[in-house]
>>> print(open('query.tsv').read())   # TSV, C-alpha atoms
chain	number	residue	atom	x	y	z
A	15	MET	CA	-0.73	120.41	81.97
A	16	LEU	CA	1.77	117.99	80.62
A	17	THR	CA	1.30	114.24	80.77
A	18	ILE	CA	4.54	112.36	81.25
A	19	ASP	CA	4.86	108.65	80.65
A	20	THR	CA	6.69	107.18	83.65
A	21	THR	CA	7.67	103.69	84.72
A	22	ARG	CA	7.39	104.42	88.44
A	23	PHE	CA	4.26	106.55	88.61
A	24	GLY	CA	2.40	105.58	85.45
A	25	PRO	CA	1.05	108.51	83.43
A	26	LEU	CA	1.93	111.61	85.44
A	27	GLU	CA	0.20	114.97	85.11
A	28	VAL	CA	2.55	117.87	85.72
A	29	ALA	CA	2.03	121.60	85.31
A	30	GLU	CA	4.42	122.79	82.60
A	31	GLU	CA	5.70	125.50	84.89
A	32	ALA	CA	6.61	122.85	87.44
A	33	VAL	CA	9.14	121.23	85.12
A	34	LEU	CA	12.76	121.83	86.08
A	35	HIS	CA	15.16	122.69	83.28
A	36	PHE	CA	18.74	121.43	83.48
A	37	GLU	CA	20.52	123.45	80.82
A	38	GLU	CA	23.53	121.11	80.95
A	39	GLY	CA	21.63	117.92	81.69
A	40	LEU	CA	22.66	115.76	84.61
A	41	ILE	CA	26.30	114.72	84.84
A	42	GLY	CA	26.65	111.58	82.72
A	43	PHE	CA	23.17	112.23	81.29
A	44	PRO	CA	23.80	115.36	79.21
A	45	GLU	CA	20.71	114.84	77.06
A	46	MET	CA	18.35	114.63	80.05
A	47	ARG	CA	17.36	118.26	80.51
A	48	GLN	CA	13.81	118.26	81.79
A	49	PHE	CA	12.64	116.72	85.01
A	50	ALA	CA	9.47	116.91	87.04
A	51	ALA	CA	9.83	117.16	90.82
A	52	VAL	CA	7.38	114.76	92.47
A	53	PRO	CA	7.13	114.90	96.28
A	54	HIS	CA	7.27	111.52	98.01
A	55	GLY	CA	4.19	111.49	100.22
A	56	ASP	CA	3.24	113.83	103.04
A	57	GLY	CA	6.01	115.39	105.03
A	58	ALA	CA	8.66	113.00	103.74
A	59	PRO	CA	12.05	114.60	103.13
A	60	PHE	CA	12.21	112.90	99.72
A	61	VAL	CA	11.41	114.21	96.27
A	62	TRP	CA	11.51	112.24	93.02
A	63	LEU	CA	13.19	113.76	90.02
A	64	GLN	CA	11.35	112.16	87.13
A	65	SER	CA	12.77	112.59	83.65
A	66	VAL	CA	10.29	114.05	81.17
A	67	GLU	CA	12.24	112.50	78.32
A	68	ARG	CA	12.87	109.00	79.65
A	69	ALA	CA	10.07	107.09	81.37
A	70	ASP	CA	12.35	104.77	83.35
A	71	LEU	CA	14.67	107.48	84.66
A	72	ALA	CA	13.78	108.79	88.11
A	73	PHE	CA	16.16	109.86	90.86
A	74	LEU	CA	15.33	109.98	94.54
A	75	LEU	CA	16.40	113.24	96.18
A	76	LEU	CA	16.88	114.20	99.80
A	77	ARG	CA	17.63	117.53	101.43
A	78	PRO	CA	21.32	117.12	102.33
A	79	HIS	CA	21.09	118.66	105.81
A	80	VAL	CA	18.91	115.72	106.88
A	81	VAL	CA	21.97	113.44	106.75
A	82	CYS	CA	24.67	116.11	107.01
A	83	PRO	CA	23.77	118.89	109.46
A	84	GLY	CA	25.46	122.17	108.59
A	85	TYR	CA	25.78	121.27	104.90
A	86	ALA	CA	26.24	124.63	103.21
A	87	PRO	CA	28.84	124.39	100.46
A	88	PRO	CA	29.91	127.52	98.57
A	89	LEU	CA	27.92	127.92	95.36
A	90	PRO	CA	29.28	128.94	91.95
A	91	PRO	CA	28.92	132.68	91.27
A	92	ASP	CA	26.17	132.19	88.69
A	93	VAL	CA	23.92	130.16	91.03
A	94	PRO	CA	21.67	132.33	93.24
A	95	PHE	CA	22.66	132.21	96.90
A	96	ASP	CA	19.17	131.10	97.92
A	97	ALA	CA	19.01	128.17	95.50
A	98	THR	CA	17.67	125.01	97.13
A	99	LEU	CA	20.10	122.12	97.29
A	100	TRP	CA	19.08	118.50	96.93
A	101	ALA	CA	21.22	115.37	96.99
A	102	ILE	CA	20.70	112.28	94.84
A	103	VAL	CA	20.11	109.16	96.91
A	104	THR	CA	21.15	105.63	96.01
A	105	VAL	CA	19.27	102.83	97.77
A	106	PRO	CA	20.72	99.37	97.10
A	107	ALA	CA	17.91	96.85	96.62
A	108	GLY	CA	16.92	95.29	99.94
A	109	ARG	CA	19.54	97.25	101.87
A	110	ALA	CA	18.02	100.56	102.94
A	111	ASN	CA	20.65	100.62	105.69
A	112	ASP	CA	23.32	101.07	103.04
A	113	LEU	CA	21.66	104.12	101.55
A	114	THR	CA	24.18	106.65	100.27
A	115	VAL	CA	23.76	110.30	99.41
A	116	ASN	CA	25.73	112.23	96.81
A	117	LEU	CA	26.96	115.29	98.68
A	118	LEU	CA	29.74	115.99	96.17
A	119	GLY	CA	27.35	116.67	93.29
A	120	PRO	CA	24.25	118.32	94.77
A	121	VAL	CA	21.40	119.48	92.57
A	122	ALA	CA	20.77	123.22	92.89
A	123	VAL	CA	17.25	124.44	92.07
A	124	TRP	CA	16.16	128.03	91.66
A	125	GLY	CA	12.83	128.85	90.06
A	126	ASN	CA	12.52	126.45	87.14
A	127	ALA	CA	16.25	126.27	86.61
A	128	ALA	CA	18.37	123.48	87.99
A	129	ARG	CA	21.96	122.36	87.75
A	130	GLN	CA	24.01	119.56	89.21
A	131	LEU	CA	27.03	121.16	90.84
A	132	VAL	CA	30.54	119.77	91.21
A	133	LEU	CA	31.86	120.84	94.59
A	134	ASP	CA	35.54	121.51	94.89
A	135	GLY	CA	37.98	119.63	97.06
A	136	ASP	CA	37.60	116.52	99.19
A	137	ARG	CA	35.25	117.64	101.93
A	138	TYR	CA	32.14	115.94	100.57
A	139	SER	CA	31.67	112.44	99.26
A	140	ALA	CA	29.64	111.23	96.29
A	141	ARG	CA	28.79	108.21	98.47
A	142	HIS	CA	28.03	109.64	101.89
A	143	ARG	CA	26.52	106.95	104.11
A	144	ALA	CA	23.26	108.15	105.60
A	145	PHE	CA	23.36	105.61	108.41
A	146	PRO	CA	26.72	105.11	110.11
A	147	ALA	CA	27.58	101.62	111.35
A	148	ALA	CA	26.21	102.11	114.90
A	149	GLU	CA	22.78	103.15	113.65
A	150	ARG	CA	22.69	100.33	111.18
A	151	GLN	CA	22.67	97.81	113.99
A	152	GLN	CA	19.39	99.07	115.40
A	153	PRO	CA	16.90	96.27	114.80
A	154	ALA	CA	13.69	98.29	114.36
A	155	THR	CA	13.73	98.42	110.57
A	156	ALA	CA	11.59	96.90	107.87
A	157	ALA	CA	14.66	94.96	106.77
A	158	ALA	CA	14.56	92.98	110.03
A	159	ALA	CA	10.93	91.98	109.55
B	10	MET	CA	45.99	112.88	72.52
B	11	LEU	CA	47.92	115.97	71.56
B	12	VAL	CA	50.92	116.32	73.86
B	13	LEU	CA	52.75	119.64	74.16
B	14	THR	CA	55.74	120.49	76.32
B	15	ARG	CA	55.40	123.74	78.27
B	16	ARG	CA	57.43	125.45	81.00
B	17	ALA	CA	56.22	127.56	83.90
B	18	ASN	CA	54.51	130.73	82.69
B	19	GLN	CA	53.92	129.31	79.24
B	20	SER	CA	50.39	128.93	77.93
B	21	ILE	CA	48.17	127.06	75.54
B	22	ARG	CA	45.18	128.58	73.78
B	23	ILE	CA	42.21	126.32	73.03
B	24	GLY	CA	39.71	127.71	70.58
B	25	ASP	CA	39.06	131.43	70.75
B	26	ASP	CA	38.58	131.96	74.44
B	27	VAL	CA	40.19	129.30	76.61
B	28	THR	CA	43.77	129.80	77.83
B	29	ILE	CA	45.62	127.28	79.97
B	30	THR	CA	48.77	128.52	81.73
B	31	VAL	CA	51.34	126.46	83.62
B	32	VAL	CA	51.70	128.57	86.76
B	33	GLU	CA	54.17	126.48	88.72
B	34	VAL	CA	55.94	123.13	88.50
B	35	ARG	CA	57.06	121.64	91.79
B	36	GLY	CA	58.04	118.00	92.19
B	37	ASP	CA	55.20	115.87	90.82
B	38	GLN	CA	52.64	118.68	91.03
B	39	VAL	CA	51.75	121.21	88.41
B	40	ARG	CA	49.66	124.30	89.15
B	41	ILE	CA	47.55	125.26	86.21
B	42	GLY	CA	45.70	128.50	85.54
B	43	ILE	CA	42.60	128.39	83.38
B	44	GLU	CA	40.96	131.38	81.75
B	45	ALA	CA	37.63	130.53	80.19
B	46	PRO	CA	34.21	132.11	79.78
B	47	ARG	CA	31.81	131.38	82.62
B	48	SER	CA	29.66	129.41	80.25
B	49	ILE	CA	32.39	126.77	80.03
B	50	PRO	CA	32.39	124.61	83.15
B	51	VAL	CA	35.85	123.72	84.45
B	52	HIS	CA	36.12	120.79	86.86
B	53	ARG	CA	38.66	118.37	88.23
B	54	LEU	CA	38.03	115.33	86.06
B	55	GLU	CA	38.08	112.75	88.85
B	56	LEU	CA	35.30	114.57	90.73
B	57	LEU	CA	33.18	114.76	87.58
B	58	LEU	CA	33.74	111.02	87.02
B	59	GLN	CA	32.79	110.16	90.61
B	60	ILE	CA	29.54	112.09	90.32
B	61	GLY	CA	28.76	110.66	86.89
B	62	GLN	CA	29.39	107.16	88.19
B	63	GLN	CA	27.13	107.75	91.18
B	64	ASN	CA	24.39	109.15	88.92
B	65	ALA	CA	24.67	106.07	86.73
B	66	GLU	CA	24.43	103.79	89.76
B	67	ALA	CA	21.41	105.67	91.14
B	68	ALA	CA	19.72	105.47	87.73
B	69	ALA	CA	20.46	101.76	87.40
B	70	THR	CA	19.08	100.88	90.86
B	71	PRO	CA	15.62	102.42	91.06
B	72	ALA	CA	14.75	102.56	94.76
B	73	ARG	CA	12.15	99.94	95.65
B	74	PRO	CA	9.10	101.25	97.52
B	75	ASP	CA	9.72	98.99	100.54
B	76	ASP	CA	13.34	100.16	100.71
B	77	VAL	CA	12.24	103.80	100.56
B	78	ALA	CA	9.78	103.12	103.40
B	79	ALA	CA	12.55	101.46	105.43
B	80	ALA	CA	14.89	104.39	104.75
B	81	LEU	CA	12.18	106.81	105.86
B	82	SER	CA	11.75	105.04	109.19
B	83	LEU	CA	15.52	105.17	109.68
B	84	LEU	CA	15.60	108.86	108.74
B	85	ARG	CA	12.66	110.05	110.83
B	86	PRO	CA	14.63	110.67	114.04
B	87	SER	CA	17.36	112.73	112.34
B	88	ALA	CA	14.82	114.51	110.10
B	89	ALA	CA	12.90	115.54	113.23
B	90	VAL	CA	16.08	116.86	114.83
B	91	GLY	CA	16.85	118.78	111.65
B	92	GLU	CA	13.47	120.49	111.74
B	93	ALA	CA	13.43	121.37	115.44
B	94	PRO	CA	13.72	125.11	116.06
B	95	ALA	CA	17.17	126.08	117.26
B	96	GLY	CA	17.58	127.17	120.88
>>> encode(input="query.tsv", output="structure tokens")
Amino acid sequence: MLTIDTTRFGPLEVAEEAVLHFEEGLIGFPEMRQFAAVPHGDGAPFVWLQSVERADLAFLLLRPHVVCPGYAPPLPPDVPFDATLWAIVTVPAGRANDLTVNLLGPVAVWGNAARQLVLDGDRYSARHRAFPAAERQQPATAAAA
Amino acid sequence: MLVLTRRANQSIRIGDDVTITVVEVRGDQVRIGIEAPRSIPVHRLELLLQIGQQNAEAAATPARPDDVAAALSLLRPSAAVGEAPAG
């Protein structure tokens, strides 16, 4: 077991074989190469990607098809076809309604290897809104309380 | 920045194993061919910058637990649809 110092979770025990290795780091974070995947509660579609190297660096991930049905971009030739894709989520403080998902740069995971991809063309956005305007007007959210 | 003038079908070699070729010049567009080993990622710069910027923003705004809970309640309906067996 590996104990990681984290800001969000406190000391976190992770099996060494459960650590994901990003050979190229994350885009813009080339030195961040090891992350632990921490599920967010039971049955939630979220996973946290907690940096092993930097306590305060944790990304929230979501399976892209949850907000973009049919999401199945072509993968680079050196990524296995059955790699699992995740998308990095940005949640502005106090505005869960404005949550965006990075569909342009998904994180591909296969075994213990992981890589952030750069998809070609203009089909997918780096700031895909999870909740279109109509849904955002529904009152039954914690934000309304 | 090193600036070189090239015509269509002329190339530039970078290092030992990267070759850039001007394939076609038409109006304000240039088609460029790139030969490089697979180990060297080649991307359109603006896409790389967009993703890097989004990563930086996500890293700088750690999701608050109450916001994640709110997002979950908003997601539940669509997540359920996504998991329903087809047909």
>>> atom_distance(input="query.tsv", atom1="atom CA of Thr30 of chain B", atom2="atom CA of Gly135 of chain A")
20.7 Å
>>> closest_atom_pairs(input="query.tsv", of="chain B", to="chain A", cutoff="9 Å", atoms="all atoms listed in the file", output="CSV")
residue,atom,partner,partner_atom,distance
B:Arg47,CA,A:Asp92,CA,8.3
B:His52,CA,A:Val132,CA,7.1
B:Arg53,CA,A:Asp134,CA,8.0
B:Leu56,CA,A:Val132,CA,7.1
B:Leu57,CA,A:Val132,CA,6.7
B:Leu58,CA,A:Gly42,CA,8.3
B:Gln59,CA,A:Ala140,CA,6.6
B:Ile60,CA,A:Gly119,CA,5.9
B:Gly61,CA,A:Gly42,CA,4.8
B:Gln62,CA,A:Gly42,CA,7.5
B:Gln63,CA,A:Ala140,CA,6.7
B:Asn64,CA,A:Gly42,CA,7.0
B:Ala65,CA,A:Gly42,CA,7.1
B:Glu66,CA,A:Thr104,CA,7.3
B:Ala67,CA,A:Thr104,CA,4.9
B:Ala68,CA,A:Leu71,CA,6.2
B:Ala69,CA,A:Leu71,CA,8.6
B:Thr70,CA,A:Pro106,CA,6.6
B:Pro71,CA,A:Ala72,CA,7.3
B:Ala72,CA,A:Val105,CA,5.4
B:Arg73,CA,A:Ala107,CA,6.6
B:Asp75,CA,A:Ala156,CA,7.8
B:Asp76,CA,A:Ala110,CA,5.2
B:Val77,CA,A:Ala110,CA,7.0
B:Ala78,CA,A:Ala156,CA,7.9
B:Ala79,CA,A:Ala156,CA,5.3
B:Ala80,CA,A:Ala110,CA,5.3
B:Leu81,CA,A:Ala58,CA,7.4
B:Ser82,CA,A:Thr155,CA,7.0
B:Leu83,CA,A:Thr155,CA,7.0
B:Leu84,CA,A:Val80,CA,7.8
B:Arg85,CA,A:Ala58,CA,8.7
B:Ser87,CA,A:Val80,CA,6.4
B:Ala88,CA,A:Val80,CA,5.3
B:Ala89,CA,A:Val80,CA,8.7
B:Val90,CA,A:Val80,CA,8.5
B:Gly91,CA,A:Val80,CA,6.0
B:Glu92,CA,A:Val80,CA,8.7
>>> atom_distance(input="query.tsv", atom1="atom CA of Ala51 of chain A", atom2="atom CA of Phe95 of chain A")
20.7 Å
>>> atom_distance(input="query.tsv", atom1="atom CA of Val12 of chain B", atom2="atom CA of Ala45 of chain B")
20.5 Å
>>> residues_around(input="query.tsv", residues="segment 15-27 of chain B", least_positions_apart="3", cutoff="12 Å", atoms="all atoms listed in the file", output="JSON, numbers by chain")
{"B": [11, 12, 30, 31, 32, 33, 34, 35, 38, 39, 40, 41, 42, 43, 44, 45, 46, 47, 48, 49, 50, 51]}
>>> closest_residue(input="query.tsv", among="A:Ala147, A:Val61, A:Val123, A:Val66", to="Glu45 of chain A", atoms="only C-alpha atoms")
A:Val66
>>> build_atoms(input="query.tsv", residues="segment 51-62 of chain B", atoms="all heavy atoms", output="PDB file, in the coordinates of the input")
ATOM      1  N   VAL B  51      34.507 124.275  84.269  1.00  0.00           N
ATOM      2  CA  VAL B  51      35.850 123.720  84.450  1.00  0.00           C
ATOM      3  C   VAL B  51      35.836 122.919  85.745  1.00  0.00           C
ATOM      4  O   VAL B  51      35.490 123.458  86.796  1.00  0.00           O
ATOM      5  CB  VAL B  51      36.908 124.843  84.536  1.00  0.00           C
ATOM      6  CG1 VAL B  51      38.286 124.258  84.822  1.00  0.00           C
ATOM      7  CG2 VAL B  51      36.922 125.653  83.242  1.00  0.00           C
ATOM      8  N   HIS B  52      36.155 121.633  85.665  1.00  0.00           N
ATOM      9  CA  HIS B  52      36.120 120.790  86.860  1.00  0.00           C
ATOM     10  C   HIS B  52      37.317 119.876  86.892  1.00  0.00           C
ATOM     11  O   HIS B  52      37.872 119.522  85.855  1.00  0.00           O
ATOM     12  CB  HIS B  52      34.850 119.928  86.873  1.00  0.00           C
ATOM     13  CG  HIS B  52      33.577 120.708  86.878  1.00  0.00           C
ATOM     14  ND1 HIS B  52      33.254 121.594  87.874  1.00  0.00           N
ATOM     15  CD2 HIS B  52      32.552 120.752  85.988  1.00  0.00           C
ATOM     16  CE1 HIS B  52      32.074 122.132  87.610  1.00  0.00           C
ATOM     17  NE2 HIS B  52      31.629 121.650  86.479  1.00  0.00           N
ATOM     18  N   ARG B  53      37.686 119.453  88.105  1.00  0.00           N
ATOM     19  CA  ARG B  53      38.660 118.370  88.230  1.00  0.00           C
ATOM     20  C   ARG B  53      37.990 117.106  87.702  1.00  0.00           C
ATOM     21  O   ARG B  53      36.894 116.744  88.145  1.00  0.00           O
ATOM     22  CB  ARG B  53      39.037 118.181  89.700  1.00  0.00           C
ATOM     23  CG  ARG B  53      39.891 119.296  90.264  1.00  0.00           C
ATOM     24  CD  ARG B  53      40.039 119.128  91.769  1.00  0.00           C
ATOM     25  NE  ARG B  53      41.031 120.025  92.328  1.00  0.00           N
ATOM     26  CZ  ARG B  53      40.804 121.309  92.590  1.00  0.00           C
ATOM     27  NH1 ARG B  53      39.618 121.833  92.361  1.00  0.00           N
ATOM     28  NH2 ARG B  53      41.766 122.056  93.088  1.00  0.00           N
ATOM     29  N   LEU B  54      38.678 116.443  86.764  1.00  0.00           N
ATOM     30  CA  LEU B  54      38.030 115.330  86.060  1.00  0.00           C
ATOM     31  C   LEU B  54      37.595 114.220  86.998  1.00  0.00           C
ATOM     32  O   LEU B  54      36.513 113.649  86.842  1.00  0.00           O
ATOM     33  CB  LEU B  54      38.976 114.778  84.984  1.00  0.00           C
ATOM     34  CG  LEU B  54      38.388 113.637  84.145  1.00  0.00           C
ATOM     35  CD1 LEU B  54      37.130 114.082  83.412  1.00  0.00           C
ATOM     36  CD2 LEU B  54      39.412 113.118  83.153  1.00  0.00           C
ATOM     37  N   GLU B  55      38.426 113.901  88.020  1.00  0.00           N
ATOM     38  CA  GLU B  55      38.080 112.750  88.850  1.00  0.00           C
ATOM     39  C   GLU B  55      36.798 112.995  89.644  1.00  0.00           C
ATOM     40  O   GLU B  55      36.039 112.073  89.916  1.00  0.00           O
ATOM     41  CB  GLU B  55      39.246 112.328  89.761  1.00  0.00           C
ATOM     42  CG  GLU B  55      39.569 113.275  90.887  1.00  0.00           C
ATOM     43  CD  GLU B  55      40.520 114.394  90.474  1.00  0.00           C
ATOM     44  OE1 GLU B  55      40.705 114.611  89.254  1.00  0.00           O
ATOM     45  OE2 GLU B  55      41.063 115.062  91.373  1.00  0.00           O
ATOM     46  N   LEU B  56      36.528 114.261  89.995  1.00  0.00           N
ATOM     47  CA  LEU B  56      35.300 114.570  90.730  1.00  0.00           C
ATOM     48  C   LEU B  56      34.089 114.398  89.806  1.00  0.00           C
ATOM     49  O   LEU B  56      33.051 113.853  90.187  1.00  0.00           O
ATOM     50  CB  LEU B  56      35.334 115.991  91.287  1.00  0.00           C
ATOM     51  CG  LEU B  56      36.466 116.291  92.269  1.00  0.00           C
ATOM     52  CD1 LEU B  56      36.305 117.695  92.840  1.00  0.00           C
ATOM     53  CD2 LEU B  56      36.506 115.273  93.391  1.00  0.00           C
ATOM     54  N   LEU B  57      34.250 114.886  88.573  1.00  0.00           N
ATOM     55  CA  LEU B  57      33.180 114.760  87.580  1.00  0.00           C
ATOM     56  C   LEU B  57      32.866 113.273  87.341  1.00  0.00           C
ATOM     57  O   LEU B  57      31.699 112.867  87.262  1.00  0.00           O
ATOM     58  CB  LEU B  57      33.663 115.422  86.295  1.00  0.00           C
ATOM     59  CG  LEU B  57      32.646 115.962  85.326  1.00  0.00           C
ATOM     60  CD1 LEU B  57      31.715 116.953  85.988  1.00  0.00           C
ATOM     61  CD2 LEU B  57      33.351 116.641  84.153  1.00  0.00           C
ATOM     62  N   LEU B  58      33.931 112.455  87.263  1.00  0.00           N
ATOM     63  CA  LEU B  58      33.740 111.020  87.020  1.00  0.00           C
ATOM     64  C   LEU B  58      33.046 110.353  88.200  1.00  0.00           C
ATOM     65  O   LEU B  58      32.172 109.508  88.014  1.00  0.00           O
ATOM     66  CB  LEU B  58      35.086 110.345  86.736  1.00  0.00           C
ATOM     67  CG  LEU B  58      35.764 110.765  85.426  1.00  0.00           C
ATOM     68  CD1 LEU B  58      37.119 110.092  85.270  1.00  0.00           C
ATOM     69  CD2 LEU B  58      34.878 110.456  84.225  1.00  0.00           C
ATOM     70  N   GLN B  59      33.435 110.742  89.431  1.00  0.00           N
ATOM     71  CA  GLN B  59      32.790 110.160  90.610  1.00  0.00           C
ATOM     72  C   GLN B  59      31.296 110.454  90.613  1.00  0.00           C
ATOM     73  O   GLN B  59      30.468 109.596  90.912  1.00  0.00           O
ATOM     74  CB  GLN B  59      33.385 110.752  91.891  1.00  0.00           C
ATOM     75  CG  GLN B  59      34.719 110.169  92.319  1.00  0.00           C
ATOM     76  CD  GLN B  59      35.275 110.905  93.532  1.00  0.00           C
ATOM     77  OE1 GLN B  59      34.529 111.260  94.436  1.00  0.00           O
ATOM     78  NE2 GLN B  59      36.565 111.154  93.541  1.00  0.00           N
ATOM     79  N   ILE B  60      30.949 111.698  90.298  1.00  0.00           N
ATOM     80  CA  ILE B  60      29.540 112.090  90.320  1.00  0.00           C
ATOM     81  C   ILE B  60      28.779 111.397  89.193  1.00  0.00           C
ATOM     82  O   ILE B  60      27.674 110.891  89.396  1.00  0.00           O
ATOM     83  CB  ILE B  60      29.405 113.626  90.221  1.00  0.00           C
ATOM     84  CG1 ILE B  60      29.991 114.267  91.480  1.00  0.00           C
ATOM     85  CG2 ILE B  60      27.945 114.034  90.042  1.00  0.00           C
ATOM     86  CD1 ILE B  60      30.116 115.774  91.391  1.00  0.00           C
ATOM     87  N   GLY B  61      29.399 111.339  88.019  1.00  0.00           N
ATOM     88  CA  GLY B  61      28.760 110.660  86.890  1.00  0.00           C
ATOM     89  C   GLY B  61      28.523 109.189  87.193  1.00  0.00           C
ATOM     90  O   GLY B  61      27.468 108.637  86.882  1.00  0.00           O
ATOM     91  N   GLN B  62      29.513 108.576  87.844  1.00  0.00           N
ATOM     92  CA  GLN B  62      29.390 107.160  88.190  1.00  0.00           C
ATOM     93  C   GLN B  62      28.269 106.945  89.198  1.00  0.00           C
ATOM     94  O   GLN B  62      27.484 106.008  89.109  1.00  0.00           O
ATOM     95  CB  GLN B  62      30.733 106.686  88.770  1.00  0.00           C
ATOM     96  CG  GLN B  62      30.828 105.197  88.973  1.00  0.00           C
ATOM     97  CD  GLN B  62      32.184 104.804  89.568  1.00  0.00           C
ATOM     98  OE1 GLN B  62      33.019 105.655  89.881  1.00  0.00           O
ATOM     99  NE2 GLN B  62      32.402 103.530  89.722  1.00  0.00           N
TER     100      GLN B  62
END
